[in-house]
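Novice: One structure, pasted below without further comment.
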Amino acid sequence: MEPRECGMLPGMRLFSFRRSPNALKVRLALAELREEYELIEVNLFRGEHTQPQYAKLNPFKRVPVLQAGKFTLSESNAILMYLARKHQKLWPARLEGEALAMQWMTFEAAHIVRQCSTVWWSERVAPATGMKAASPKKIASIIEELTPALEVTEAHLAKHQFLMGGHYTLVDSCFTATLSLIQGTQVDSGRFGSISAYLGRMRARPSWATAEGDAILNFDNVKGSQAS
Ligand SMILES: N[C@@H](CCC(=O)N[C@@H](CS)C(=O)NCC(=O)O)C(=O)O
């Protein structure tokens, strides 16, 4: 785990892996908020997250983890809410708006991200790295589960520029990272045109490059090394 400096505000550290979609949600959020922080790369491909030192930080042995002074927080969507409330920016001001933001992020956590990740892992990451893919039967059942959730998201994005309507919020950081996972998989069959257009708009924002979003899409140079 080598610290990589990104400006550095004392106390704000993100334990992340550049190929991790859940960590990308937080990197996108921090970029949108223009927050300075210390980025600590935990290389999941090399198993750094399984080391006892890391398990002390997050007993679930996953990224991302945010540290803000003495406060330590895991779970990407909880981190997004924390950052938005801390900055009082890019988040609905009213209670009902906040509840709707949580509705979308809970929906994403329950019905989209795990499913998209499994397909992405099996069709994009595993072939590039030589790591194990899920069975075709498992993938088929995951896609069956995922499709209705994507249809709901597609219908919503056909009517709205952003998840919360007319303005960017950190709910978009969440959905941009997660929905990007379908790119180049069998799920990305052209039937989710509004999701595609949404991703085009989101990835044109400077935050995508700042957060190194392409690292979850481009595996060209990974083969054999599994290094990063
Ligand atoms: N619900 C968690 C999921 C975190 C998660 O699964 N992260 C993945 C990377 S995207 C991870 O650390 N995987 C390591 C492993 O499963 O061993 C969140 O939203 O932060």
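Starting from 1 in every chain, residues are counted up; chains themselves are A, B, ... following the order of the structure tokens, and ligands are numbered from 1 as listed.
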What are the closest atom pairs, with distances in Å to one decimal, for all residues of chain A lying within 6 Å of ligand 1? Consider only C-alpha atoms and all ligand atoms, order rows by chain and residue number, and present the result as a tab-separated table.
Specialist:
residue	atom	partner	partner_atom_place_in_ligand_line	distance
A:Ser20	CA	ligand 1	10 (S)	4.0
A:Pro21	CA	ligand 1	10 (S)	4.7
A:Asn22	CA	ligand 1	10 (S)	4.4
A:Arg62	CA	ligand 1	12 (O)	3.1
A:Val63	CA	ligand 1	12 (O)	4.0
A:Pro64	CA	ligand 1	20 (O)	5.5
A:Glu75	CA	ligand 1	20 (O)	3.4
A:Ser76	CA	ligand 1	20 (O)	3.8
A:Asn77	CA	ligand 1	19 (O)	5.8
Novice: Any chance you could list, as a PyMOL selection string, the residues in range 3-91 of chain A that come up strand (DSSP E or B) when DSSP is run on the backbone?
Specialist: chain A and resi 3-7+12-16+37-41+65-68+71-74
Novice: Once DSSP has gone over the backbone, tell me which residues of range 21-216 of chain A are in helix (DSSP H, G or I), as a PyMOL selection string.
Specialist: chain A and resi 21-32+44-46+48-50+52-57+76-87+95-129+136-159+170-180+193-203+206-210+213-216
Novice: Dump as a tab-separated table the rows for residues of range 13-36 of chain A within 6 Å of range 172-193 of chain A: closest atom pair and distance in Å with one decimal, only C-alpha atoms counted, ordered by chain and rising residue number.
Specialist:
residue	atom	partner	partner_atom	distance
A:Pro21	CA	A:Ala177	CA	5.5
A:Lys25	CA	A:Cys174	CA	4.9
A:Leu28	CA	A:Ser173	CA	5.6
A:Ala29	CA	A:Ser173	CA	5.6
Novice: Selection from above, C-alpha atoms, as a PDB file, in the first residue's frame, can you write it?
Specialist:
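For reference, part30.pdb as written:
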ATOM      1  CA  PRO A  21     -15.781   0.313  -9.455  1.00  0.00           C
ATOM      2  CA  LYS A  25     -17.558   6.041  -7.160  1.00  0.00           C
ATOM      3  CA  LEU A  28     -15.452  10.579  -8.854  1.00  0.00           C
ATOM      4  CA  ALA A  29     -17.222  12.199  -5.903  1.00  0.00           C
TER       5      ALA A  29
END
Novice: With distances taken over only C-alpha atoms, which of A:Thr118, A:Glu145, A:Met12, A:Asn221 is nearest to Ala133 in chain A?
Specialist: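 Answer, going by the shortest atom-to-atom distance: A:Thr118.
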Novice: Calculated over only C-alpha atoms, which of the candidates A:Arg94, A:His111, A:Lys70, A:His160 has the smallest distance to Glu144 in chain A?
Specialist: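 Among the listed residues, the smallest separation from Glu144 in chain A belongs to A:His111.
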Novice: Taking a cut-off of 12 Å and counting only C-alpha atoms, can you build a table that, for each residue of range 70-171 of chain A near range 37-55 of chain A, reports the nearest atom pair and how far apart they are in Å (one decimal), sorted by chain then residue number, as CSV?
Specialist:
residue,atom,partner,partner_atom,distance
A:Ser74,CA,A:Ala55,CA,11.7
A:Val125,CA,A:Phe45,CA,10.6
A:Ala126,CA,A:Phe45,CA,11.1
A:Thr129,CA,A:Phe45,CA,9.0
A:Gly130,CA,A:Phe45,CA,11.0
A:Met131,CA,A:Phe45,CA,9.2
A:Lys132,CA,A:Phe45,CA,12.0
Novice: Go ahead and write the selection's residues with C-alpha atoms as a tab-separated table (two decimals), in the first residue's frame.
Specialist:
chain	number	residue	atom	x	y	z
A	74	SER	CA	-16.34	1.85	4.50
A	125	VAL	CA	-11.44	-8.67	-16.18
A	126	ALA	CA	-11.07	-12.46	-16.07
A	129	THR	CA	-5.96	-11.22	-16.22
A	130	GLY	CA	-6.39	-14.98	-16.31
A	131	MET	CA	-8.45	-14.86	-13.11
A	132	LYS	CA	-11.52	-17.04	-12.62
